[in-house]
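**Q** Contents are compact mmCIF, C-alpha atoms and all ligand atoms; file name final-v7.txt:
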# COMPACT_ATOMS: atom_id res chain seq x y z
CA MET A 1 0.00 0.00 0.00
CA ILE A 2 1.26 3.45 -0.88
CA ASP A 3 0.34 6.57 1.04
CA ILE A 4 -0.22 9.29 -1.54
CA GLY A 5 -0.69 12.04 1.02
CA ARG A 6 -4.46 12.13 0.78
CA MET A 7 -6.70 10.81 3.52
CA ASP A 8 -8.13 7.39 2.72
CA MET A 9 -6.91 7.00 -0.86
CA GLU A 10 -4.69 3.97 -1.38
CA ILE A 11 -2.93 2.78 -4.51
CA LYS A 12 -1.41 -0.68 -4.61
CA TYR A 13 -0.47 -3.35 -7.10
CA GLU A 14 -2.93 -6.18 -6.58
CA SER A 15 -4.33 -8.00 -9.63
CA GLY A 16 -3.57 -4.78 -11.50
CA ILE A 17 -3.29 -1.18 -10.33
CA CYS A 18 -5.84 -0.99 -7.55
CA ILE A 19 -7.11 2.39 -6.33
CA GLU A 20 -9.33 2.48 -3.25
CA ASP A 21 -10.91 5.35 -1.36
CA GLY A 22 -13.33 4.23 1.34
CA LYS A 23 -15.95 2.18 -0.47
CA LYS A 24 -14.75 3.23 -3.91
CA LYS A 25 -12.56 0.76 -5.80
CA ILE A 26 -11.21 0.49 -9.34
CA ILE A 27 -8.55 -1.71 -10.96
CA LEU A 28 -6.55 -0.32 -13.89
CA ASP A 29 -5.18 -2.87 -16.34
CA PRO A 30 -6.52 -5.77 -14.25
CA THR A 31 -4.66 -9.05 -14.63
CA ARG A 32 -7.94 -11.01 -14.73
CA GLN A 33 -11.46 -10.18 -15.84
CA SER A 34 -13.04 -7.52 -13.66
CA GLU A 35 -16.32 -5.58 -13.58
CA ILE A 36 -14.52 -2.61 -11.99
CA GLY A 37 -11.50 -2.84 -14.29
CA VAL A 38 -10.29 -0.52 -17.04
CA VAL A 39 -8.26 -2.05 -19.89
CA THR A 40 -6.00 0.58 -21.47
CA HIS A 41 -5.32 -1.13 -24.80
CA GLY A 42 -5.43 -4.28 -26.90
CA HIS A 43 -1.94 -5.74 -26.37
CA LEU A 44 -2.27 -9.27 -25.03
CA ASP A 45 -0.60 -8.51 -21.69
CA HIS A 46 -3.39 -6.00 -20.96
CA LEU A 47 -6.46 -7.49 -22.62
CA VAL A 48 -9.07 -9.06 -20.31
CA LYS A 49 -12.85 -9.41 -20.61
CA ASP A 50 -15.67 -7.69 -18.67
CA ALA A 51 -13.75 -4.47 -18.02
CA TYR A 52 -14.29 -0.95 -19.37
CA MET A 53 -12.37 0.01 -22.50
CA THR A 54 -12.60 2.17 -25.64
CA ILE A 55 -14.89 0.96 -28.43
CA PRO A 56 -11.99 0.03 -30.79
CA THR A 57 -10.33 -1.90 -27.95
CA LEU A 58 -13.56 -3.89 -27.56
CA ASP A 59 -13.31 -4.84 -31.25
CA ILE A 60 -9.67 -5.84 -30.77
CA LEU A 61 -10.78 -7.95 -27.78
CA GLU A 62 -13.22 -9.78 -30.04
CA VAL A 63 -10.52 -10.52 -32.63
CA ARG A 64 -7.90 -11.60 -30.10
CA LYS A 65 -10.00 -13.31 -27.41
CA GLY A 66 -12.97 -14.46 -29.47
CA GLU A 67 -15.60 -12.56 -27.50
CA LYS A 68 -16.66 -8.90 -27.37
CA ARG A 69 -17.37 -8.81 -23.66
CA GLY A 70 -16.76 -5.53 -21.89
CA LYS A 71 -18.12 -2.04 -21.38
CA ALA A 72 -17.57 0.71 -23.94
CA MET A 73 -16.17 4.14 -23.13
CA HIS A 74 -15.52 7.24 -25.21
CA TYR A 75 -12.45 9.45 -24.86
CA GLY A 76 -13.15 12.55 -22.79
CA THR A 77 -16.53 11.43 -21.43
CA PRO A 78 -16.56 10.92 -17.63
CA THR A 79 -18.00 7.57 -16.52
CA GLU A 80 -18.62 6.29 -13.01
CA ILE A 81 -16.68 3.11 -12.27
CA GLY A 82 -16.55 1.58 -8.79
CA GLY A 83 -17.74 4.90 -7.33
CA PHE A 84 -14.98 6.99 -9.01
CA GLN A 85 -15.35 9.52 -11.83
CA VAL A 86 -13.19 8.13 -14.63
CA THR A 87 -12.17 9.72 -17.95
CA LEU A 88 -10.11 8.23 -20.78
CA TYR A 89 -7.68 10.21 -22.95
CA PRO A 90 -5.65 9.13 -26.02
CA ALA A 91 -2.36 7.41 -25.10
CA GLY A 92 -0.63 7.48 -28.52
CA HIS A 93 0.51 3.86 -28.03
CA VAL A 94 -1.70 1.79 -30.36
CA PHE A 95 -5.09 2.27 -32.03
CA GLY A 96 -7.74 2.68 -29.31
CA SER A 97 -5.20 3.01 -26.47
CA SER A 98 -6.02 5.22 -23.50
CA MET A 99 -4.66 6.93 -20.43
CA VAL A 100 -7.00 6.81 -17.44
CA LYS A 101 -7.83 9.74 -15.15
CA VAL A 102 -9.38 8.63 -11.87
CA GLU A 103 -10.32 11.88 -10.15
CA ASP A 104 -6.92 13.54 -9.52
CA VAL A 105 -4.86 10.44 -10.34
CA LEU A 106 -3.59 9.96 -13.91
CA TYR A 107 -2.44 6.52 -15.12
CA THR A 108 -0.63 6.65 -18.46
CA GLY A 109 -0.90 2.96 -19.38
CA ASP A 110 1.58 2.27 -22.21
CA PHE A 111 1.91 5.66 -23.89
CA ASN A 112 3.71 7.65 -26.54
CA PRO A 113 3.72 11.47 -26.56
CA TYR A 114 4.33 11.48 -30.34
CA GLY A 115 1.41 9.20 -31.18
CA GLY A 116 1.43 7.58 -34.58
CA LYS A 117 -0.28 7.39 -37.97
CA THR A 118 -3.16 5.50 -36.38
CA CYS A 119 -3.43 7.01 -32.89
CA LYS A 120 -3.48 10.48 -31.36
CA ARG A 121 -0.54 11.54 -29.21
CA ALA A 122 -0.62 11.35 -25.41
CA ALA A 123 -0.78 14.81 -23.86
CA PRO A 124 0.15 15.52 -20.22
CA TYR A 125 -2.63 16.51 -17.79
CA ASP A 126 -2.33 18.22 -14.43
CA CYS A 127 -2.74 15.66 -11.68
CA GLU A 128 -1.97 15.11 -8.01
CA THR A 129 -0.64 11.59 -8.46
CA LEU A 130 0.87 10.30 -11.71
CA ILE A 131 1.16 6.56 -12.29
CA ILE A 132 3.52 6.25 -15.25
CA GLU A 133 4.81 3.30 -17.27
CA SER A 134 8.61 3.23 -17.32
CA THR A 135 9.52 0.72 -20.05
CA TYR A 136 12.43 2.95 -21.14
CA GLY A 137 12.98 4.49 -17.71
CA LYS A 138 16.80 4.27 -17.65
CA PRO A 139 18.86 7.31 -18.71
CA SER A 140 20.60 5.12 -21.31
CA TYR A 141 17.22 4.45 -23.00
CA SER A 142 16.98 7.66 -25.00
CA LEU A 143 15.17 6.96 -28.26
CA PRO A 144 16.29 8.63 -31.49
CA ASN A 145 14.15 11.33 -33.10
CA LYS A 146 11.03 9.72 -34.61
CA ASP A 147 11.04 11.81 -37.82
CA GLY A 148 14.66 10.83 -38.45
CA VAL A 149 13.83 7.14 -38.01
CA THR A 150 10.92 7.51 -40.44
CA GLU A 151 13.17 9.20 -43.02
CA ASP A 152 15.75 6.39 -42.71
CA PHE A 153 13.00 3.81 -43.08
CA ILE A 154 11.61 5.43 -46.24
CA ALA A 155 15.03 5.90 -47.86
CA TRP A 156 16.09 2.31 -47.12
CA THR A 157 12.79 0.83 -48.34
CA ARG A 158 12.94 2.76 -51.63
CA GLN A 159 16.50 1.63 -52.23
CA GLN A 160 15.82 -2.04 -51.43
CA LEU A 161 12.73 -2.14 -53.63
CA ASP A 162 14.97 -1.47 -56.63
CA GLU A 163 16.75 -4.75 -55.87
CA GLY A 164 13.94 -7.09 -54.79
CA PRO A 165 10.98 -7.62 -52.43
CA VAL A 166 11.15 -6.19 -48.89
CA VAL A 167 9.67 -7.95 -45.84
CA PHE A 168 9.13 -6.18 -42.52
CA GLY A 169 8.79 -7.94 -39.19
CA ALA A 170 6.58 -5.97 -36.82
CA TYR A 171 4.42 -6.88 -33.84
CA LYS A 172 1.02 -7.82 -35.27
CA PHE A 173 -1.12 -5.27 -33.43
CA GLY A 174 -0.01 -1.66 -33.43
CA LYS A 175 3.45 -1.74 -35.00
CA ALA A 176 2.36 -3.69 -38.09
CA GLN A 177 -0.42 -1.21 -38.87
CA GLU A 178 1.91 1.78 -38.44
CA VAL A 179 4.29 0.19 -40.97
CA ILE A 180 1.41 -0.49 -43.37
CA ALA A 181 0.33 3.18 -43.10
CA LEU A 182 3.90 4.31 -43.93
CA LEU A 183 4.18 1.90 -46.86
CA ASN A 184 0.82 3.13 -48.17
CA GLU A 185 2.30 6.64 -48.26
CA LEU A 186 5.03 5.23 -50.51
CA GLY A 187 2.33 3.87 -52.83
CA GLU A 188 2.84 0.28 -51.65
CA VAL A 189 0.01 -2.10 -50.75
CA PRO A 190 1.88 -4.71 -48.67
CA TYR A 191 1.06 -8.38 -48.34
CA VAL A 192 0.16 -9.26 -44.77
CA THR A 193 -0.53 -12.47 -42.87
CA GLU A 194 -4.14 -13.37 -42.03
CA ASP A 195 -3.83 -12.47 -38.35
CA ILE A 196 -2.47 -9.01 -39.21
CA ALA A 197 -5.24 -8.53 -41.82
CA GLU A 198 -7.91 -9.38 -39.27
CA LEU A 199 -6.59 -6.67 -36.93
CA CYS A 200 -6.28 -4.18 -39.83
CA ASP A 201 -9.96 -4.79 -40.59
CA VAL A 202 -10.79 -3.32 -37.16
CA TYR A 203 -8.79 -0.17 -38.00
CA ASN A 204 -10.67 0.23 -41.27
CA LYS A 205 -14.01 -0.18 -39.54
CA TYR A 206 -13.07 3.20 -38.03
CA ASP A 207 -11.99 4.70 -41.37
CA GLN A 208 -8.24 4.41 -40.89
CA GLY A 209 -7.94 3.63 -44.61
CA LEU A 210 -5.16 1.03 -44.38
CA GLU A 211 -4.42 -0.71 -47.69
CA TYR A 212 -3.08 -4.27 -47.52
CA GLN A 213 -3.63 -7.60 -49.22
CA LEU A 214 -3.41 -11.28 -48.49
CA PRO A 215 -0.56 -13.08 -50.30
CA ASP A 216 -1.38 -13.77 -53.92
CA GLY A 217 0.80 -13.92 -57.03
CA PHE A 218 3.99 -12.38 -55.56
CA GLU A 219 4.72 -10.52 -58.76
CA GLY A 220 7.53 -7.98 -59.01
CA ASN A 221 9.27 -6.41 -56.05
CA PHE A 222 6.49 -6.54 -53.46
CA THR A 223 6.48 -5.37 -49.85
CA ALA A 224 5.13 -7.43 -46.96
CA VAL A 225 4.49 -6.99 -43.23
CA VAL A 226 4.60 -10.16 -41.10
CA PRO A 227 4.89 -10.95 -37.37
CA PRO A 228 8.58 -10.84 -36.25
CA GLY A 229 8.71 -14.62 -35.78
CA GLU A 230 8.13 -15.15 -39.50
CA ILE A 231 11.29 -13.44 -40.71
CA LYS A 232 13.68 -15.60 -38.70
CA ARG A 233 14.30 -19.33 -39.02
CA PRO A 234 12.17 -21.29 -39.65
CA ILE A 235 10.94 -18.48 -41.84
CA GLY A 236 7.34 -18.05 -42.94
CA ASP A 237 6.10 -18.47 -46.52
CA ILE A 238 6.14 -14.77 -47.45
CA ALA A 239 9.71 -14.22 -46.26
CA ARG A 240 10.87 -17.41 -48.01
CA ILE A 241 9.49 -16.27 -51.36
CA ALA A 242 11.01 -12.81 -50.88
CA ARG A 243 14.43 -14.35 -50.20
CA LYS A 244 14.28 -16.47 -53.33
CA LYS A 245 13.69 -13.28 -55.28
CA ASN A 246 16.80 -11.57 -53.84
CA GLY A 247 14.69 -9.78 -51.22
CA SER A 248 15.68 -8.10 -47.96
CA SER A 249 14.13 -7.94 -44.53
CA ALA A 250 13.98 -5.53 -41.60
CA TYR A 251 12.72 -5.58 -38.02
CA LEU A 252 10.98 -2.67 -36.32
CA SER A 253 10.93 -2.20 -32.55
CA GLY A 254 11.92 0.47 -30.04
CA TRP A 255 14.51 -1.96 -28.66
CA CYS A 256 16.37 -1.74 -31.99
CA ALA A 257 17.80 1.54 -30.63
CA PHE A 258 19.73 -0.39 -27.99
CA PHE A 259 20.30 -3.95 -29.17
CA PRO A 260 21.44 -5.51 -32.46
CA TYR A 261 19.02 -8.07 -33.91
CA PHE A 262 20.85 -8.75 -37.20
CA ASN A 263 21.90 -12.29 -36.24
CA SER A 264 19.06 -13.36 -33.95
CA MET A 265 16.34 -12.13 -36.33
CA ASP A 266 18.31 -12.85 -39.52
CA ILE A 267 17.62 -9.38 -40.96
CA ASP A 268 19.34 -6.83 -43.19
CA ALA A 269 18.20 -3.71 -41.34
CA GLN A 270 16.52 -2.66 -38.10
CA PHE A 271 14.59 0.49 -37.25
CA PRO A 272 13.95 1.81 -33.72
CA PHE A 273 10.24 2.58 -34.11
CA SER A 274 8.79 2.76 -30.62
CA ASP A 275 5.19 2.96 -29.47
CA HIS A 276 6.40 3.86 -25.95
CA ALA A 277 7.92 7.05 -24.57
CA GLY A 278 11.72 7.03 -24.45
CA PHE A 279 13.62 8.17 -21.36
CA ASP A 280 13.65 11.89 -22.29
CA GLU A 281 9.93 11.91 -23.16
CA LEU A 282 9.10 10.17 -19.87
CA LEU A 283 10.81 12.91 -17.85
CA LYS A 284 9.21 15.67 -19.93
CA PHE A 285 5.80 14.07 -19.49
CA VAL A 286 6.18 13.99 -15.71
CA GLU A 287 7.09 17.69 -15.74
CA GLY A 288 4.04 18.45 -17.90
CA CYS A 289 1.68 16.74 -15.45
CA ASP A 290 3.21 18.61 -12.47
CA PRO A 291 2.22 15.94 -9.92
CA SER A 292 3.15 15.89 -6.24
CA LYS A 293 3.65 12.11 -6.30
CA VAL A 294 4.88 9.76 -9.04
CA LEU A 295 4.40 5.99 -9.04
CA THR A 296 6.26 3.98 -11.67
CA VAL A 297 5.23 0.66 -13.23
CA HIS A 298 6.84 -1.74 -15.75
CA GLY A 299 10.36 -1.99 -17.11
CA SER A 300 12.92 0.23 -15.38
CA ASP A 301 10.46 1.28 -12.66
CA LYS A 302 12.89 1.56 -9.76
CA GLU A 303 15.56 3.38 -11.79
CA PHE A 304 13.02 5.85 -13.16
CA ALA A 305 11.58 6.62 -9.71
CA GLU A 306 15.11 7.47 -8.54
CA VAL A 307 15.66 9.76 -11.51
CA VAL A 308 12.35 11.58 -10.95
CA GLU A 309 13.29 12.26 -7.33
CA LYS A 310 16.80 13.39 -8.19
CA GLU A 311 16.17 15.40 -11.36
CA LEU A 312 12.71 16.81 -10.68
CA GLY A 313 12.57 16.77 -6.88
CA ILE A 314 9.21 15.00 -6.93
CA ASP A 315 8.45 12.24 -4.46
CA ALA A 316 8.54 8.99 -6.50
CA GLU A 317 8.57 5.24 -6.00
CA SER A 318 7.90 2.02 -7.86
CA LEU A 319 4.37 0.71 -7.38
CA LYS A 320 5.64 -2.87 -7.31
CA LYS A 321 7.72 -3.63 -4.25
ZN ZN A 401 1.26 -2.10 -25.02
Take the structure from the file and write it as structure tokens.

**A**
Amino acid sequence: MIDIGRMDMEIKYESGICIEDGKKKIILDPTRQSEIGVVTHGHLDHLVKDAYMTIPTLDILEVRKGEKRGKAMHYGTPTEIGGFQVTLYPAGHVFGSSMVKVEDVLYTGDFNPYGGKTCKRAAPYDCETLIIESTYGKPSYSLPNKDGVTEDFIAWTRQQLDEGPVVFGAYKFGKAQEVIALLNELGEVPYVTEDIAELCDVYNKYDQGLEYQLPDGFEGNFTAVVPPGEIKRPIGDIARIARKKNGSSAYLSGWCAFFPYFNSMDIDAQFPFSDHAGFDELLKFVEGCDPSKVLTVHGSDKEFAEVVEKELGIDAESLKK
């Protein structure tokens, strides 16, 4: 239990991020299905049934868990959950992702202050207590400028397409669709695997206008977007065909900024596209929210809490002991 300096309110990590105030109780990103839970987005480590979530996240739940069972929320519209007034705001992480404001507590969930082609950026909000994800919470985890990474990606893709097909490995929900949107801007309609197509269909239900196709014909120097596991050995069908045609492959992940994947993923290039905030953006976001208490979760949580105390002089600790 963490004392956040307000009478009665408690925040603790118990089957998710549990906030209690007298009889009021809510669980953010619950680890199992919960009627008083709020699911921030459709990545599998967050997705459970019965909870509150944005309407697109409910559709993603149906695709990934086979059942559309939960309660719909709109961004910016306060809803009562477990006795608290709760409002969702865009988190910039993946399509449908949200930050959660529970009275004067803000929980970022996984977030990105730059947003992406398919999701609005996360903006800081004034709050008393900030619960912030700290995936890249170490000072050494500074991510490169996103526009620069995009320029590198476009230049490399154009060049490789002169030589042969190009296959991109990207996580199937979120990253894959961002890559498809970028390739569409280059005039490419990439081949995708069925599971990626099924998730893209949800985006297009909300007019995201992604253009993609299921594998067919493989004529000329095509592009393709597949889950990361299908570009390394044993490689998937699309990557195999691309290789036979003198193709190249690349992997996209924020971790590419810090670790080489050339051998382990068997790729020709890697691009540090992140859907999380890097270290510098995390610190800036905390400043923007101007909280009196910061609680960190995920990744480098303890290191980031120390930095917040030292650099910003704000009381901070990891939520997980
Ligand atoms: Zn996520």

**Q** What is the distance between atom CA of A:Lys232 and atom CA of A:Met265, in Å to one decimal?

**A**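 Between atom CA of A:Lys232 and atom CA of A:Met265 the gap is 5.0 Å.
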
**Q** Quick one: everything within 12 Å of A:Tyr251, counting all atoms listed in the file, minus sequence neighbours fewer than 4 positions away in the same chain. Send it as a PyMOL selection string.

**A** chain A and resi 153+166-171+175-176+179+224-232+255-257+259-274

**Q** Can you tell me which residues come within 10 Å of ligand ZN 401 (chain A) when counting all atoms listed in the file, ideally as a ChimeraX atom specification?

**A** /A:40-47,93-94,97,109-111,173-174,275-276

**Q** Can you measure atom CA of A:Lys101 to atom CA of A:Leu130 for me? One decimal in Å is fine.

**A**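 Between atom CA of A:Lys101 and atom CA of A:Leu130 the gap works out to 9.4 Å.
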
**Q** Of the residues A:Gln85, A:Glu211, A:Glu103, A:Val38, which is the one nearest to A:Lys71, using all atoms listed in the file?

**A**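 Of A:Gln85, A:Glu211, A:Glu103, A:Val38, the one nearest A:Lys71 is A:Val38, counting all atoms listed in the file.
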
**Q** If you count all atoms listed in the file, which residues fall within 12 Å of A:Lys12, apart from same-chain ones fewer than 6 positions away, as a ChimeraX atom specification?

**A** /A:1-4,18-21,25-28,131,295-297,317-321

**Q** Measure the distance from atom CA of A:Asn145 to atom CA of A:Phe279 in Å and round it to one decimal.

**A**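 We find that atom CA of A:Asn145 and atom CA of A:Phe279 lie 12.2 Å from each other.
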